[in-house]
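Working notes, beginning with the structure itself.
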Amino acid sequence: MYSEMGLSEKVIALGKEAEQELKARFESIDETAEYNAMKVLHAMQKNRVSEACFAATTGYGYNDLGRETLERVYADVFHTEAALVRIQITCGTHALAIALSAMVRPGDEILSPVGKVYDTLEEVIGIRDSVGSLKEWGVTYNQVELLPDGSFDYEGIRKAIHENTRLIEIQRSKGYLTRKTFSPQEIGELIAFIKGIKPDVICMVDNCYGEFVEKVEPSDFGADMVVGSLIKNPGGGLAPIGGYICGTKACIEACAYRLSAPGLGQEVGANLGILPSFYQGLFLSPTVTASAVKTAIFAARIYEKLGFRVLPDSREPRYDVIQAVTLGSPEALCAFCKGIQSAAPVDSFVTPEPWDMPGYDAPVIMAAGTFVSGSSIELSADGPLKPPYNAYFQGGLTWPHGKFGILKSVQALLDAGVITL
């Protein structure tokens with residue numbers, strides 16, 4: 001079938017060799033998936049999920065049993081006091097914007113102790129001017145760069161925290177950077193340090209791409225809020241929209257008022273019949289995430305063998321599903337993404353092209369032949385067309401499809417004359 005679907009014998013052989021080298025690593029990933037699957041199942045059973053939870057609501061959505069039960073399930077899975085899980089949250093950036101806006105007031109400062117925030121948050125905060133930014137409302141922003149070895153600059157963080165520091169924004173994943181992704185334990189150490197300086201500061205973790213990669217989450221280590229998108233890991237590839245915020249009761253209440261309106265909060269927000277995909281997606285998410293992690297490690301191993309710089313490498317611990325590959329030229333980046341697109345079950349015949357995507361400061365090429373538009377837990381890749389021309393690969397609902405996608409990217413580079421085998 002591989003030959004019939006456009007892979008050369010050399011590419012197939014390269015894939016077989018890499019997969020054999022990763023066999024022991026894959027067994028460990030499966031063990032983590034099994035643990036997380038039981039964690040999710042336990043939360044569903046504890047909260048008495050029933051067929052009645054799948055009923056559609058409309059209008060105001062008052063007394064929505066399914067919505068309220070799902071939020072208790074999420075709170076239990078992430079070991080928090082409360083949760084906000086809604087179709088009205090349009091994406092991960094929206095969820096982060098809600099959390100930030102809910103917790104800061106004019107004169108407050110947001111501090112990122114892990115360097116630059118993700119590109120789409122720049123306009124939310126006002127680093128890049130945008131209508132409605134927090135900067136317009138008198139909220140300031142500061143960041144502390146990581147040390148050259150990628151670790152936290154604790155002394156710099158100590159100096160940066162002051163009376164007006166209200167919220168700490170910790171981005172777990174690397175985004176469009178070449179730094180490492182932080183483990184929940186590392187984030188916990190950072191939070192403990194910050195709380196030791198200013199106990200009342202709110203620590204929020206952008207948890208996108210990291211859910212269920214490990215057996216623990218940042219909320220297990222002192223985060224006041226963890227925030228993410230349902231078209232990434234926790235949606236399991238089934239959620240068609242949505243986001244979540246899990247955290248303390250006070251934080252979630254404030255976020256709910258920001259999402260809907262003061263006085264309404266979590267009481268409104270009809271589910272419109274989407275809840276079955278939210279429940280089933282969460283149920284599947286540990287095993288889907290495991291497939292994506294395997295695919296990322298396989299990509300690292302393949303591209304290491306081809307001589308490219310990868311981050312992380314195939315031996316390093318994994319704390320998210322993203323694999324960065326430094327391709328070195330726009331031609332190579334475009335060929336990589338075209339290979340990924342050609343492996344998709346949807347729109348495999350489409351050729352991705354760079355475009356000026358909202359929220360980014362350079363043209364971005366995106367390969368995403370997905371069942372849910374923009375879903376990055378599905379096989380997808382993207383990257384900004386600027387040096388060093390990194391491709392950021394993520395997703396893979398199943399391991400066989402993820403593996404095929406990586407091999408197709410290699411075939412595309414081979415056909416374009418970028419590599420030889």
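Please note that chains go A, B, ... in the order of the structure tokens, that every chain numbers its residues from 1, and that ligands are numbered from 1 in the order shown.
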task: Enumerate the residues of segment 106-141 of chain A with a DSSP assignment of alpha helix (DSSP H), computed from the backbone, and present them as a PyMOL selection string.
output: chain A and resi 121-125
Could you build a table of the residues in segment 171-290 of chain A lying no more than 7 Å from segment 369-379 of chain A, giving for each the nearest pair of atoms and their separation in Å rounded to one decimal place, using only C-alpha atoms, ordered by chain and ascending residue number, as JSON lines?
{"residue": "A:Ile231", "atom": "CA", "partner": "A:Ser375", "partner_atom": "CA", "distance": 4.9}
{"residue": "A:Lys232", "atom": "CA", "partner": "A:Ile377", "partner_atom": "CA", "distance": 4.6}
{"residue": "A:Asn233", "atom": "CA", "partner": "A:Ile377", "partner_atom": "CA", "distance": 5.6}
{"residue": "A:Gly237", "atom": "CA", "partner": "A:Ile377", "partner_atom": "CA", "distance": 6.2}
{"residue": "A:Pro240", "atom": "CA", "partner": "A:Val372", "partner_atom": "CA", "distance": 5.7}
field: Which of A:Ser314, A:Ser409, A:Thr57, A:Gln45 sits closest to Thr69 of chain A [using only C-alpha atoms]
entry: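 Ranking A:Ser314, A:Ser409, A:Thr57, A:Gln45 by distance to Thr69 of chain A, first place goes to A:Gln45.
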- prompt: When distances are computed from only C-alpha atoms, which of A:Val325, A:Ala368, A:Leu385, A:Val117 shows the smallest separation from Pro345 of chain A?
  reply: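 Selected residue with least distance to Pro345 of chain A: A:Ala368.
The neighbours of Leu146 of chain A here are the residues that come within 10 Å of it, using only C-alpha atoms and leaving out any residue fewer than 5 positions away in the same chain; they are Pro113, Val114, Gly115, Lys116, Ser151, Phe152, Asp153, Tyr154, Gly156, Ile157 and Arg179 of chain A.
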Would you mind exporting N, CA and C atoms of the selected residues as a JSON list (two decimals), in the first residue's frame?
[["chain", "number", "residue", "atom", "x", "y", "z"],
["A", 113, "PRO", "N", 7.30, 34.87, 32.51],
["A", 113, "PRO", "CA", 8.65, 34.51, 32.96],
["A", 113, "PRO", "C", 9.35, 33.54, 32.03],
["A", 114, "VAL", "N", 8.75, 33.27, 30.86],
["A", 114, "VAL", "CA", 9.32, 32.28, 29.93],
["A", 114, "VAL", "C", 9.61, 32.92, 28.57],
["A", 115, "GLY", "N", 9.87, 34.23, 28.58],
["A", 115, "GLY", "CA", 10.15, 34.93, 27.33],
["A", 115, "GLY", "C", 8.88, 35.30, 26.60],
["A", 116, "LYS", "N", 9.00, 35.43, 25.30],
["A", 116, "LYS", "CA", 7.92, 35.91, 24.45],
["A", 116, "LYS", "C", 6.69, 34.99, 24.49],
["A", 151, "SER", "N", 16.72, 27.54, 30.70],
["A", 151, "SER", "CA", 16.12, 27.45, 32.03],
["A", 151, "SER", "C", 15.57, 28.81, 32.46],
["A", 152, "PHE", "N", 14.82, 28.81, 33.56],
["A", 152, "PHE", "CA", 14.22, 30.04, 34.06],
["A", 152, "PHE", "C", 15.28, 30.95, 34.68],
["A", 153, "ASP", "N", 15.15, 32.24, 34.45],
["A", 153, "ASP", "CA", 16.04, 33.24, 35.06],
["A", 153, "ASP", "C", 15.40, 33.67, 36.38],
["A", 154, "TYR", "N", 15.63, 32.89, 37.42],
["A", 154, "TYR", "CA", 14.96, 33.14, 38.68],
["A", 154, "TYR", "C", 15.28, 34.51, 39.27],
["A", 156, "GLY", "N", 16.15, 37.19, 37.57],
["A", 156, "GLY", "CA", 15.45, 38.17, 36.73],
["A", 156, "GLY", "C", 13.96, 38.22, 37.04],
["A", 157, "ILE", "N", 13.37, 37.06, 37.32],
["A", 157, "ILE", "CA", 11.95, 37.00, 37.67],
["A", 157, "ILE", "C", 11.70, 37.70, 38.99],
["A", 179, "ARG", "N", 12.78, 27.09, 21.75],
["A", 179, "ARG", "CA", 13.09, 26.71, 23.13],
["A", 179, "ARG", "C", 12.45, 25.37, 23.43]]
task: Record the distance separating atom CA of Cys255 of chain A and atom CA of Ile202 of chain A, expressed in Å with one decimal.
output: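 These atoms are spaced 13.0 Å apart.
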query: What is the distance, in Å and to one decimal place, between atom CA of Arg166 of chain A and atom CA of Lys135 of chain A?
result: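 Rounded to one decimal, the two atoms are 14.3 Å apart.
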field: Given only C-alpha atoms as the counted atoms, nearest of A:Asp119, A:Asp76, A:Glu145, A:Asp415 to Lys338 of chain A
entry: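 Comparing A:Asp119, A:Asp76, A:Glu145, A:Asp415 against Lys338 of chain A, the winner is A:Asp415.
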Residue contacts of Lys180 of chain A (7 Å, only C-alpha atoms) excluding same-chain residues fewer than 2 positions away, as a compact mmCIF listing (two decimals) with N, CA and C atoms, in the first residue's frame:
# COMPACT_ATOMS: atom_id res chain seq x y z
N GLY A 150 18.11 27.69 28.34
CA GLY A 150 16.68 27.41 28.27
C GLY A 150 15.98 27.31 29.61
N LYS A 174 6.36 25.41 23.15
CA LYS A 174 7.34 26.33 22.57
C LYS A 174 6.73 27.35 21.63
N THR A 178 12.24 28.17 19.33
CA THR A 178 13.06 26.96 19.36
C THR A 178 13.55 26.67 20.78
N PHE A 182 8.14 23.04 28.58
CA PHE A 182 8.34 22.81 30.01
C PHE A 182 7.43 21.70 30.53
N PRO A 312 12.15 18.79 20.20
CA PRO A 312 13.23 18.06 20.85
C PRO A 312 13.73 16.91 19.99
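Atom CA of Gly396 of chain A sits 28.4 Å away from atom CA of Gly247 of chain A.
Here the residues within segment 198-316 of chain A that DSSP labels strand (DSSP E) on the basis of the backbone are Ile202, Cys203, Met204, Val205, Asp206, Met225, Val226, Val227, Gly228, Ser229, Gly243, Tyr244, Ile245, Cys246, Gly247, Arg309, Val310 and Leu311 of chain A.
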Store the residues picked out above, limited to N, CA and C atoms, as an mmCIF file, in the first residue's frame.
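Written output follows (selection22.cif):
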data_model
loop_
_atom_site.group_PDB
_atom_site.id
_atom_site.type_symbol
_atom_site.label_atom_id
_atom_site.label_comp_id
_atom_site.auth_asym_id
_atom_site.auth_seq_id
_atom_site.Cartn_x
_atom_site.Cartn_y
_atom_site.Cartn_z
ATOM 1 N N ILE A 202 -1.672 35.590 40.456
ATOM 2 C CA ILE A 202 -2.379 34.503 39.775
ATOM 3 C C ILE A 202 -1.456 33.884 38.739
ATOM 4 N N CYS A 203 -1.276 32.591 38.807
ATOM 5 C CA CYS A 203 -0.421 31.877 37.860
ATOM 6 C C CYS A 203 -1.293 31.109 36.869
ATOM 7 N N MET A 204 -1.248 31.524 35.621
ATOM 8 C CA MET A 204 -2.046 30.920 34.556
ATOM 9 C C MET A 204 -1.122 30.200 33.589
ATOM 10 N N VAL A 205 -1.468 28.985 33.222
ATOM 11 C CA VAL A 205 -0.653 28.196 32.303
ATOM 12 C C VAL A 205 -1.392 28.003 30.994
ATOM 13 N N ASP A 206 -0.767 28.421 29.908
ATOM 14 C CA ASP A 206 -1.250 28.082 28.566
ATOM 15 C C ASP A 206 -0.854 26.628 28.337
ATOM 16 N N MET A 225 -4.840 28.506 37.103
ATOM 17 C CA MET A 225 -5.659 28.218 35.931
ATOM 18 C C MET A 225 -4.815 27.488 34.898
ATOM 19 N N VAL A 226 -5.408 26.504 34.226
ATOM 20 C CA VAL A 226 -4.821 25.911 33.024
ATOM 21 C C VAL A 226 -5.833 26.106 31.906
ATOM 22 N N VAL A 227 -5.334 26.473 30.740
ATOM 23 C CA VAL A 227 -6.205 26.916 29.656
ATOM 24 C C VAL A 227 -5.837 26.200 28.364
ATOM 25 N N GLY A 228 -6.842 25.829 27.569
ATOM 26 C CA GLY A 228 -6.529 25.155 26.312
ATOM 27 C C GLY A 228 -7.699 25.133 25.351
ATOM 28 N N SER A 229 -7.457 24.511 24.213
ATOM 29 C CA SER A 229 -8.416 24.424 23.117
ATOM 30 C C SER A 229 -8.920 23.002 22.978
ATOM 31 N N GLY A 243 -13.271 25.490 23.958
ATOM 32 C CA GLY A 243 -12.076 25.654 24.771
ATOM 33 C C GLY A 243 -12.408 25.371 26.215
ATOM 34 N N TYR A 244 -11.367 25.288 27.052
ATOM 35 C CA TYR A 244 -11.588 25.008 28.468
ATOM 36 C C TYR A 244 -10.689 25.896 29.310
ATOM 37 N N ILE A 245 -11.157 26.176 30.501
ATOM 38 C CA ILE A 245 -10.355 26.822 31.546
ATOM 39 C C ILE A 245 -10.654 26.051 32.820
ATOM 40 N N CYS A 246 -9.636 25.477 33.430
ATOM 41 C CA CYS A 246 -9.797 24.767 34.697
ATOM 42 C C CYS A 246 -8.981 25.494 35.755
ATOM 43 N N GLY A 247 -9.545 25.618 36.954
ATOM 44 C CA GLY A 247 -8.796 26.333 37.984
ATOM 45 C C GLY A 247 -9.554 26.480 39.275
ATOM 46 N N ARG A 309 18.323 19.642 12.075
ATOM 47 C CA ARG A 309 18.201 19.965 13.494
ATOM 48 C C ARG A 309 16.746 19.807 13.901
ATOM 49 N N VAL A 310 16.505 19.098 14.997
ATOM 50 C CA VAL A 310 15.154 18.880 15.482
ATOM 51 C C VAL A 310 15.074 19.266 16.953
ATOM 52 N N LEU A 311 13.881 19.697 17.379
ATOM 53 C CA LEU A 311 13.664 20.067 18.768
ATOM 54 C C LEU A 311 12.254 19.655 19.178
#
field: Non-local contacts of Gln411 of chain A (8 Å; only C-alpha atoms; under 2 positions in same chain excluded) as a VMD selection string
entry: chain A and resid 7 to 8 11 339 407 to 409 413 to 415
Pull N, CA and C atoms from the residues just selected and write them as a PDB file, in the first residue's frame.
ATOM      1  N   LEU A   7       5.107   6.258  -1.978  1.00  0.00           N
ATOM      2  CA  LEU A   7       6.371   6.215  -1.243  1.00  0.00           C
ATOM      3  C   LEU A   7       7.366   5.330  -1.966  1.00  0.00           C
ATOM      4  N   SER A   8       8.596   5.809  -2.062  1.00  0.00           N
ATOM      5  CA  SER A   8       9.654   5.021  -2.691  1.00  0.00           C
ATOM      6  C   SER A   8      10.180   3.980  -1.721  1.00  0.00           C
ATOM      7  N   VAL A  11      12.408   5.433   1.071  1.00  0.00           N
ATOM      8  CA  VAL A  11      11.678   6.118   2.138  1.00  0.00           C
ATOM      9  C   VAL A  11      11.013   5.095   3.063  1.00  0.00           C
ATOM     10  N   GLY A 339       4.038  17.832   1.584  1.00  0.00           N
ATOM     11  CA  GLY A 339       4.052  16.390   1.834  1.00  0.00           C
ATOM     12  C   GLY A 339       3.044  15.982   2.892  1.00  0.00           C
ATOM     13  N   LEU A 407       6.407  10.122   6.503  1.00  0.00           N
ATOM     14  CA  LEU A 407       7.086   9.534   5.342  1.00  0.00           C
ATOM     15  C   LEU A 407       6.739  10.292   4.063  1.00  0.00           C
ATOM     16  N   LYS A 408       5.516  10.798   3.955  1.00  0.00           N
ATOM     17  CA  LYS A 408       5.149  11.594   2.790  1.00  0.00           C
ATOM     18  C   LYS A 408       5.907  12.927   2.766  1.00  0.00           C
ATOM     19  N   SER A 409       6.173  13.489   3.946  1.00  0.00           N
ATOM     20  CA  SER A 409       6.960  14.725   3.980  1.00  0.00           C
ATOM     21  C   SER A 409       8.380  14.474   3.498  1.00  0.00           C
ATOM     22  N   LEU A 413      10.300  16.131   0.123  1.00  0.00           N
ATOM     23  CA  LEU A 413      11.629  16.742   0.123  1.00  0.00           C
ATOM     24  C   LEU A 413      12.551  16.051  -0.871  1.00  0.00           C
ATOM     25  N   LEU A 414      12.416  14.742  -0.956  1.00  0.00           N
ATOM     26  CA  LEU A 414      13.220  13.975  -1.907  1.00  0.00           C
ATOM     27  C   LEU A 414      12.855  14.356  -3.337  1.00  0.00           C
ATOM     28  N   ASP A 415      11.564  14.440  -3.615  1.00  0.00           N
ATOM     29  CA  ASP A 415      11.100  14.780  -4.971  1.00  0.00           C
ATOM     30  C   ASP A 415      11.481  16.200  -5.358  1.00  0.00           C
TER      31      ASP A 415
END
task: Tell me, as a list in words, which residues lie within 12 Å of Pro276 of chain A, counting only C-alpha atoms; anything in the same chain fewer than 6 positions away does not count.
output: Val49, Ser50, Glu51, Ala52, Cys53, Phe54, Ala55, Ala56, Gly66, Arg67, Leu70, Gly235, Leu238, Ala239, Pro240, Leu282 and Phe283 of chain A
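Each of A:Leu230, A:Ala18, A:Ile29, A:Ile125 was checked against Leu306 of chain A using only C-alpha atoms; the smallest atom-to-atom distance is that of A:Ala18.
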- request: Using only C-alpha atoms, determine which residues lie at most 10 Å from Val213 of chain A, disregarding the query and same-chain residues fewer than 2 positions distant; provide the list as a list in words.
  value: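 The neighbour list is Ile29, Thr32, Ala33, Asn36, Ser183, Tyr209, Gly210, Glu211, Lys215, Val216, Glu217, Asn233, Pro286, Thr287, Thr289, Ala290, Ala292, Val293, Arg318, Tyr319, Asp320 and Val321 of chain A.
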